[in-house]
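Below: model_14.cif (mmCIF, C-alpha atoms)
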data_protein
loop_
_atom_site.label_atom_id
_atom_site.label_comp_id
_atom_site.auth_asym_id
_atom_site.auth_seq_id
_atom_site.Cartn_x
_atom_site.Cartn_y
_atom_site.Cartn_z
CA MET E 1 -50.18 80.00 218.20
CA PRO E 2 -50.78 76.88 216.17
CA LEU E 3 -53.63 77.03 213.75
CA LEU E 4 -53.56 73.50 212.52
CA PRO E 5 -54.18 70.40 214.62
CA SER E 6 -51.59 70.84 217.33
CA PRO E 7 -48.61 68.60 216.73
CA SER E 8 -48.21 68.07 220.43
CA ALA E 9 -51.63 66.59 221.01
CA ASN E 10 -51.57 62.95 221.90
CA ARG E 11 -52.81 60.91 218.99
CA HIS E 12 -53.21 57.29 219.78
CA THR E 13 -53.85 55.32 216.67
CA PRO E 14 -51.74 55.05 213.55
CA SER E 15 -54.72 56.16 211.52
CA GLN E 16 -55.19 59.31 213.59
CA GLU E 17 -51.51 60.14 213.28
CA PHE E 18 -51.58 59.47 209.56
CA TRP E 19 -54.48 61.81 208.82
CA ALA E 20 -53.16 64.42 211.23
CA GLY E 21 -49.93 64.40 209.24
CA ALA E 22 -51.84 64.69 205.99
CA ARG E 23 -53.69 67.72 207.38
CA GLY E 24 -50.62 69.20 209.01
CA ILE E 25 -48.77 69.52 205.75
CA ILE E 26 -51.63 71.19 203.86
CA PRO E 27 -50.23 74.75 204.00
CA LEU E 28 -46.99 73.51 202.50
CA VAL E 29 -48.91 71.48 199.94
CA ILE E 30 -50.71 74.62 198.88
CA GLY E 31 -47.42 76.47 198.65
CA ALA E 32 -46.09 73.68 196.47
CA ILE E 33 -48.97 73.83 194.02
CA PRO E 34 -47.67 76.77 191.95
CA PHE E 35 -44.23 75.28 192.27
CA GLY E 36 -45.35 71.94 190.81
CA LEU E 37 -47.46 73.55 188.11
CA ILE E 38 -44.58 75.72 187.00
CA PHE E 39 -42.18 72.81 186.97
CA GLY E 40 -44.47 70.84 184.67
CA THR E 41 -44.81 73.82 182.39
CA LEU E 42 -41.17 74.85 182.52
CA ALA E 43 -39.66 71.42 181.96
CA THR E 44 -41.79 70.62 178.93
CA ASN E 45 -41.25 74.07 177.48
CA ASN E 46 -37.52 73.59 177.92
CA GLY E 47 -37.51 70.41 175.87
CA LEU E 48 -38.04 67.60 178.36
CA SER E 49 -40.66 65.11 177.21
CA PRO E 50 -43.92 64.96 179.19
CA ALA E 51 -43.11 61.40 180.22
CA ALA E 52 -39.67 62.35 181.52
CA THR E 53 -41.09 65.40 183.28
CA LEU E 54 -43.61 63.30 185.14
CA ALA E 55 -41.00 60.63 185.81
CA MET E 56 -38.72 63.22 187.32
CA SER E 57 -41.40 64.27 189.77
CA ALA E 58 -42.29 60.66 190.51
CA PHE E 59 -38.79 59.24 190.97
CA VAL E 60 -36.74 62.21 192.11
CA PHE E 61 -39.31 64.23 194.04
CA ALA E 62 -37.08 67.19 194.76
CA GLY E 63 -38.54 70.57 193.80
CA SER E 64 -35.52 72.81 193.80
CA ALA E 65 -33.31 70.24 192.10
CA GLN E 66 -35.98 69.66 189.46
CA PHE E 67 -36.25 73.36 188.81
CA ILE E 68 -32.52 73.74 188.41
CA ALA E 69 -32.43 70.69 186.16
CA ALA E 70 -35.13 72.19 183.96
CA GLY E 71 -33.02 75.29 183.56
CA MET E 72 -29.93 73.27 182.72
CA ILE E 73 -31.86 71.27 180.13
CA ALA E 74 -32.80 74.49 178.39
CA ALA E 75 -29.09 75.30 178.25
CA ASN E 76 -28.39 71.91 176.65
CA THR E 77 -26.31 70.71 179.58
CA GLY E 78 -25.31 67.05 179.59
CA TRP E 79 -27.16 64.65 181.86
CA LEU E 80 -24.14 63.82 184.00
CA LEU E 81 -23.52 67.42 184.94
CA ILE E 82 -27.17 67.81 185.86
CA VAL E 83 -26.96 64.73 188.08
CA LEU E 84 -23.86 66.10 189.82
CA THR E 85 -25.62 69.41 190.40
CA THR E 86 -28.57 67.49 191.80
CA VAL E 87 -26.26 65.85 194.31
CA VAL E 88 -25.03 69.20 195.59
CA VAL E 89 -28.47 70.76 195.68
CA ASN E 90 -29.93 67.79 197.56
CA LEU E 91 -27.08 67.28 199.99
CA ARG E 92 -29.03 69.19 202.60
CA HIS E 93 -31.39 66.21 202.74
CA LEU E 94 -28.51 64.28 204.24
CA LEU E 95 -28.58 66.70 207.15
CA TYR E 96 -32.34 66.31 207.41
CA ALA E 97 -31.95 62.53 207.53
CA VAL E 98 -29.38 62.81 210.30
CA SER E 99 -31.75 65.05 212.26
CA LEU E 100 -34.47 62.43 211.92
CA LEU E 101 -32.27 59.53 212.99
CA PRO E 102 -33.24 59.50 216.67
CA TYR E 103 -36.85 58.99 215.65
CA VAL E 104 -36.46 56.74 212.65
CA SER E 105 -33.54 54.48 213.49
CA LYS E 106 -35.63 51.86 215.24
CA LEU E 107 -38.14 51.50 212.44
CA PRO E 108 -38.03 48.47 210.15
CA GLN E 109 -36.69 48.78 206.62
CA ARG E 110 -40.15 48.82 205.10
CA TRP E 111 -40.61 52.14 206.87
CA LYS E 112 -37.14 53.54 206.35
CA ILE E 113 -37.19 53.09 202.60
CA PRO E 114 -40.37 55.04 201.82
CA LEU E 115 -39.68 57.64 204.51
CA GLY E 116 -36.20 58.02 203.07
CA PHE E 117 -37.48 58.27 199.51
CA LEU E 118 -40.12 60.85 200.42
CA LEU E 119 -37.81 63.14 202.41
CA THR E 120 -38.10 66.77 201.29
CA ASP E 121 -37.78 70.16 203.00
CA GLU E 122 -41.49 70.39 203.68
CA THR E 123 -41.91 66.83 204.87
CA PHE E 124 -38.89 67.24 207.12
CA ALA E 125 -40.19 70.46 208.67
CA ILE E 126 -43.57 68.96 209.44
CA ALA E 127 -42.25 65.61 210.62
CA ILE E 128 -39.56 67.02 212.91
CA ARG E 129 -42.11 69.30 214.50
CA ARG E 130 -44.25 66.29 215.38
CA TYR E 131 -41.34 64.13 216.54
CA GLU E 132 -39.98 66.88 218.77
CA SER E 133 -43.29 67.68 220.42
CA GLU E 134 -43.86 66.33 223.88
CA GLY E 135 -45.74 63.15 224.41
CA PRO E 136 -44.77 59.50 224.28
CA ALA E 137 -47.04 58.84 221.30
CA PRO E 138 -45.68 55.67 219.69
CA PHE E 139 -47.03 56.17 216.18
CA LYS E 140 -45.50 59.45 215.19
CA HIS E 141 -43.96 57.85 212.11
CA TRP E 142 -47.48 57.46 210.77
CA TYR E 143 -47.88 61.23 211.02
CA HIS E 144 -44.63 61.51 209.08
CA LEU E 145 -45.90 59.10 206.44
CA GLY E 146 -49.24 60.88 206.09
CA ALA E 147 -47.53 64.20 205.57
CA ALA E 148 -44.98 62.77 203.12
CA LEU E 149 -47.49 60.88 200.97
CA THR E 150 -49.80 63.89 200.77
CA MET E 151 -46.94 66.05 199.59
CA TYR E 152 -45.90 63.41 197.06
CA LEU E 153 -49.32 62.85 195.54
CA ASN E 154 -49.91 66.59 195.28
CA TRP E 155 -46.55 67.00 193.57
CA LEU E 156 -47.44 64.38 190.97
CA LEU E 157 -50.84 65.93 190.41
CA CYS E 158 -49.50 69.44 189.98
CA THR E 159 -46.73 68.31 187.68
CA SER E 160 -49.29 66.57 185.49
CA ILE E 161 -51.50 69.62 185.36
CA GLY E 162 -48.49 71.80 184.67
CA ILE E 163 -47.48 69.58 181.78
CA THR E 164 -50.96 69.96 180.33
CA LEU E 165 -51.16 73.69 180.97
CA GLY E 166 -47.71 74.17 179.56
CA GLN E 167 -49.14 73.83 176.13
CA LEU E 168 -51.60 76.58 176.90
CA ILE E 169 -49.50 79.04 178.92
CA PRO E 170 -45.96 79.21 177.61
CA ASN E 171 -44.97 82.19 179.75
CA ALA E 172 -46.13 81.05 183.16
CA SER E 173 -42.67 81.34 184.69
CA GLU E 174 -42.56 85.03 183.93
CA TRP E 175 -45.43 85.76 186.22
CA GLY E 176 -43.20 85.00 189.18
CA LEU E 177 -45.31 82.13 190.44
CA ASP E 178 -42.16 80.40 191.61
CA PHE E 179 -41.98 83.04 194.33
CA ALA E 180 -44.39 80.73 196.17
CA MET E 181 -41.39 78.60 197.09
CA SER E 182 -39.67 81.55 198.77
CA VAL E 183 -42.76 82.59 200.67
CA THR E 184 -43.30 79.03 201.86
CA PHE E 185 -39.74 78.75 203.07
CA ILE E 186 -39.96 82.11 204.85
CA GLY E 187 -43.08 80.93 206.61
CA MET E 188 -41.16 77.84 207.70
CA ILE E 189 -38.09 79.76 208.90
CA VAL E 190 -39.76 82.38 211.11
CA PRO E 191 -41.02 80.01 213.83
CA TYR E 192 -37.43 78.87 214.40
CA LEU E 193 -36.24 82.38 215.22
CA LYS E 194 -36.90 82.12 218.94
CA ASN E 195 -33.44 83.06 220.17
CA ARG E 196 -30.43 85.07 219.10
CA PRO E 197 -28.18 82.20 217.95
CA MET E 198 -30.92 81.10 215.57
CA VAL E 199 -31.31 84.57 214.14
CA ILE E 200 -27.57 84.91 213.77
CA ALA E 201 -27.35 81.50 212.08
CA VAL E 202 -30.06 82.36 209.60
CA VAL E 203 -28.65 85.78 208.77
CA VAL E 204 -25.14 84.43 208.30
CA ALA E 205 -26.41 81.63 206.09
CA GLY E 206 -28.34 84.09 203.95
CA LEU E 207 -25.41 86.48 203.56
CA VAL E 208 -22.90 83.74 202.76
CA ALA E 209 -25.34 82.28 200.24
CA LEU E 210 -25.51 85.66 198.53
CA VAL E 211 -21.76 86.02 198.41
CA ALA E 212 -21.18 82.42 197.35
CA ALA E 213 -23.94 82.37 194.77
CA SER E 214 -21.49 82.42 191.90
CA LEU E 215 -19.87 79.16 192.97
CA PRO E 216 -20.57 76.36 190.51
CA HIS E 217 -23.11 73.59 191.00
CA GLN E 218 -24.85 75.29 193.85
CA LEU E 219 -21.87 74.69 196.16
CA GLY E 220 -22.66 78.07 197.64
CA LEU E 221 -25.65 76.43 199.27
CA MET E 222 -23.57 73.95 201.25
CA VAL E 223 -20.96 76.58 202.15
CA ALA E 224 -23.72 78.87 203.39
CA ALA E 225 -25.39 76.07 205.34
CA PHE E 226 -22.21 75.12 207.18
CA SER E 227 -21.39 78.77 207.82
CA GLY E 228 -24.83 79.29 209.29
CA ILE E 229 -24.65 76.22 211.49
CA GLY E 230 -21.18 77.22 212.67
CA ALA E 231 -22.31 80.76 213.42
CA GLY E 232 -25.27 79.44 215.38
CA VAL E 233 -23.20 77.04 217.48
CA ILE E 234 -20.48 79.60 218.16
CA SER E 235 -22.85 82.41 219.10
CA GLU E 236 -24.72 79.99 221.34
CA ARG E 237 -21.50 79.28 223.20
CA TYR E 238 -20.59 82.95 223.52
CA LEU E 239 -24.00 83.98 224.70
CA LYS E 240 -24.08 81.23 227.30
CA ARG E 241 -20.79 82.42 228.68
CA GLY E 242 -22.27 85.86 229.07
CA VAL E 243 -19.56 87.48 226.97
CA MET P 244 -30.11 64.37 175.91
CA ASN P 245 -30.60 60.89 177.23
CA GLU P 246 -33.67 61.32 179.36
CA LEU P 247 -33.57 57.84 180.85
CA LEU P 248 -30.02 58.30 182.13
CA LEU P 249 -30.91 61.72 183.47
CA ILE P 250 -33.93 60.56 185.45
CA LEU P 251 -32.21 57.40 186.68
CA GLY P 252 -29.13 59.34 187.73
CA MET P 253 -31.08 62.02 189.54
CA ALA P 254 -33.36 59.47 191.20
CA ILE P 255 -30.59 57.19 192.42
CA ALA P 256 -28.47 60.09 193.63
CA THR P 257 -31.35 61.70 195.49
CA PHE P 258 -32.57 58.49 197.09
CA ALA P 259 -29.04 57.55 198.14
CA ILE P 260 -28.54 60.89 199.84
CA ARG P 261 -31.82 60.64 201.68
CA TYR P 262 -31.59 56.97 202.62
CA VAL P 263 -27.95 56.28 203.44
CA MET P 264 -28.19 57.64 206.96
CA PHE P 265 -31.37 55.69 207.65
CA ALA P 266 -29.76 52.52 206.33
CA ALA P 267 -26.69 52.86 208.50
CA SER P 268 -28.58 54.05 211.54
CA SER P 269 -27.93 51.01 213.69
CA HIS P 270 -24.22 51.72 213.38
CA ILE P 271 -24.43 55.41 214.07
CA ARG P 272 -24.50 57.14 217.39
CA LEU P 273 -24.75 60.90 217.42
CA SER P 274 -23.02 63.03 220.00
CA PRO P 275 -25.04 65.64 221.89
CA ALA P 276 -22.91 68.35 220.35
CA LEU P 277 -23.75 67.12 216.86
CA LEU P 278 -27.41 66.83 217.70
CA ASN P 279 -27.33 70.39 218.99
CA ALA P 280 -25.71 71.66 215.84
CA LEU P 281 -28.31 69.84 213.75
CA ARG P 282 -31.07 71.96 215.23
CA TYR P 283 -29.82 74.78 213.05
CA VAL P 284 -30.09 72.80 209.82
CA PRO P 285 -33.67 73.48 208.69
CA PRO P 286 -33.80 77.26 209.10
CA VAL P 287 -30.22 77.71 207.92
CA VAL P 288 -30.63 75.68 204.74
CA LEU P 289 -33.93 77.31 203.90
CA SER P 290 -32.38 80.71 204.42
CA ALA P 291 -29.49 79.82 202.13
CA ILE P 292 -32.03 79.03 199.43
CA VAL P 293 -34.41 81.92 199.97
CA VAL P 294 -32.06 84.88 200.34
CA PRO P 295 -30.44 84.54 196.90
CA GLU P 296 -33.84 83.78 195.38
CA VAL P 297 -35.21 87.03 196.70
CA LEU P 298 -32.24 89.36 196.40
CA LEU P 299 -30.46 88.22 193.27
CA LYS P 300 -31.66 89.19 189.84
CA ASP P 301 -29.51 87.69 187.11
CA GLY P 302 -26.57 87.50 189.48
CA VAL P 303 -26.86 91.09 190.67
CA ILE P 304 -27.99 92.04 194.15
CA SER P 305 -31.18 94.04 193.94
CA VAL P 306 -32.21 95.86 197.08
CA GLY P 307 -34.83 98.44 196.42
CA TYR P 308 -38.48 99.03 195.80
CA MET P 309 -38.16 97.72 192.27
CA ASN P 310 -37.56 94.26 193.66
CA ALA P 311 -41.08 92.95 194.10
CA ARG P 312 -39.76 89.73 195.63
CA LEU P 313 -38.04 91.68 198.37
CA VAL P 314 -41.24 93.52 199.15
CA GLY P 315 -43.17 90.26 199.18
CA ALA P 316 -40.54 88.64 201.38
CA ILE P 317 -40.62 91.47 203.92
CA ALA P 318 -44.39 91.20 204.01
CA ALA P 319 -44.13 87.43 204.43
CA ILE P 320 -41.71 87.77 207.35
CA ALA P 321 -44.04 90.21 209.08
CA ILE P 322 -47.11 88.08 208.46
CA ALA P 323 -45.35 84.94 209.64
CA TYR P 324 -44.11 86.71 212.75
CA PHE P 325 -47.48 88.13 213.73
CA THR P 326 -49.85 85.37 212.69
CA ARG P 327 -47.68 82.25 213.05
CA ASN P 328 -49.91 80.86 210.33
CA LEU P 329 -48.18 79.28 207.37
CA LEU P 330 -51.12 79.29 204.99
CA LEU P 331 -51.84 82.95 205.63
CA THR P 332 -48.18 83.77 205.13
CA ILE P 333 -48.15 82.08 201.74
CA VAL P 334 -51.42 83.57 200.51
CA LEU P 335 -50.85 87.13 201.74
CA GLY P 336 -47.18 87.10 200.85
CA MET P 337 -48.02 86.13 197.27
CA ALA P 338 -50.78 88.73 197.19
CA VAL P 339 -48.40 91.48 198.23
CA PHE P 340 -45.85 90.28 195.70
CA PHE P 341 -48.29 90.19 192.79
CA SER P 342 -49.85 93.52 193.68
CA TRP P 343 -46.50 95.22 194.04
CA GLN P 344 -45.30 93.70 190.80
CA ALA P 345 -48.38 94.79 188.94
CA LEU P 346 -48.83 98.23 190.44
CA VAL P 347 -45.35 99.50 191.16
CA VAL P 348 -42.89 97.61 189.01
CA SER P 349 -44.81 97.24 185.81
CA SER P 350 -46.13 100.76 185.68
CA ILE P 351 -42.71 102.35 185.78
CA PRO P 352 -41.51 103.01 182.25
CA LEU P 353 -38.21 101.38 181.41
CA HIS P 354 -35.28 103.55 180.53
CA SER P 355 -34.20 103.04 176.98
#

Let me see the structure of the file written as structure tokens.
Amino acid sequence: MPLLPSPSANRHTPSQEFWAGARGIIPLVIGAIPFGLIFGTLATNNGLSPAATLAMSAFVFAGSAQFIAAGMIAANTGWLLIVLTTVVVNLRHLLYAVSLLPYVSKLPQRWKIPLGFLLTDETFAIAIRRYESEGPAPFKHWYHLGAALTMYLNWLLCTSIGITLGQLIPNASEWGLDFAMSVTFIGMIVPYLKNRPMVIAVVVAGLVALVAASLPHQLGLMVAAFSGIGAGVISERYLKRGV
Amino acid sequence: MNELLLILGMAIATFAIRYVMFAASSHIRLSPALLNALRYVPPVVLSAIVVPEVLLKDGVISVGYMNARLVGAIAAIAIAYFTRNLLLTIVLGMAVFFSWQALVVSSIPLHS
């Protein structure tokens, strides 16, 4: 039962779509607040300059990669290794982009570039929900943009506040505030679990991720993702055959 | 640590990953089978991130009442399932996590 403005309602104008997208992503924005605050605090406490911390949020805009980078900075890792790790951690966005292709491919470059830049887990989840809902609404990309920009501006704001607070609360990460990311993701996963192949895919991905967690550079993430997708597709085929 | 190189590298890498498929989209046609497989991407990837976050403590699997994240995660799954409300899931899930951490985990004396 949707609580927020239903994504399947027919919104006619770009402006309506835009603001609906901005509203639609609010729960995820709220979930990202502790995440952004902690990143600002963590990165500066780990030795990254305030300017670089803010720049990372502004030009990279990838929460989990930023978190991992902050940890690697504390361990005095070289910049190239951090960049390579970032590639692996963010590879899933490639899959998100492919999933969005049917809806985005006909847009002009001036749309593709910002939508591409602003692509994150949360933005993807909200946008794909809108794109996949019934209705021939022609301005769904405005919904996408509204959601993405809201997420982005909030991320910058929270990072800034976190940088400031970091001076005041050096132990914020110990409180477990970063658990907000996990809770947010759980809230995003559950609605997908409508059939058995989905459940199987998710469980397999989780288990493989656990087992593969010791692989370097977060490769376990990609291995787990492909395992989960494979498990989902295979179980879908088996269940259809009535085996 | 060269911060400029770090930020530039991360930014370019991330944007390239996100944008390359959009840029090439006029040359790409996706098969129905691929599109079907892609439906699994969001929940699968999120699960691959969340499960280790919740169950691993310093590389060791921790499944028990001392793992406040696990308790919070179970609560979050239940709340998400019954309310289908993302905001409520986040708020209540965090509340359960903090309460459990404060009341159960912290009050147990550590073995020396």

Nearest-residue call for Gly63 of chain E, choices E:Ser15, E:Ser214, E:Ser235, E:Thr120, using only C-alpha atoms: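 Closest to Gly63 of chain E, using only C-alpha atoms: E:Thr120.
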
Surrounding residues of segment 326-337 of chain P excluding itself and chain neighbours under 6 positions, 10 Å, all atoms listed in the file, as an MDAnalysis selection string: (chainID E and resid 1:4 25:31 176:188 190:191) or (chainID P and resid 312 314:320 343)

Just give me the gap between atom CA of Ser133 of chain E and atom CA of Arg196 of chain E in Å, one decimal is fine.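 Separation of atom CA of Ser133 of chain E and atom CA of Arg196 of chain E: 21.7 Å.
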
Tell me the residues of chain P close to chain E, meaning within 6 Å using all atoms listed in the file, as a ChimeraX atom specification. /P:249-250,252-254,258,260-262,268,283,286-288,290-291,293-295,323,329-330,333

Interatomic distance, atom CA of Ala20 of chain E to atom CA of Pro285 of chain P (Å, one decimal): 21.6 Å

Find the distance between atom CA of Ile292 of chain P and atom CA of Ile271 of chain P and write it in Å to one decimal.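 According to the coordinates, atom CA of Ile292 of chain P and atom CA of Ile271 of chain P are separated by 28.8 Å.
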
Apply the PyMOL selection byres ((chain E and resi 146-160) around 7) to the file shown and report the selected residues as a PyMOL selection string. chain E and resi 18-19+21-22+24-25+29+33+36-37+39-40+54+57-58+118+123+142-145+161-164

Test item: the PyMOL selection byres ((chain P and resi 300) around 12) resolved as a list in words: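 Applied to this file, the PyMOL selection byres ((chain P and resi 300) around 12) returns Leu210 and Ala213 of chain E; Val294, Pro295, Glu296, Val297, Leu298, Leu299, Asp301, Gly302, Val303, Ile304, Ser305, Val306, Gly307, Met309, Asn310, Ala311, Arg312 and Leu313 of chain P.
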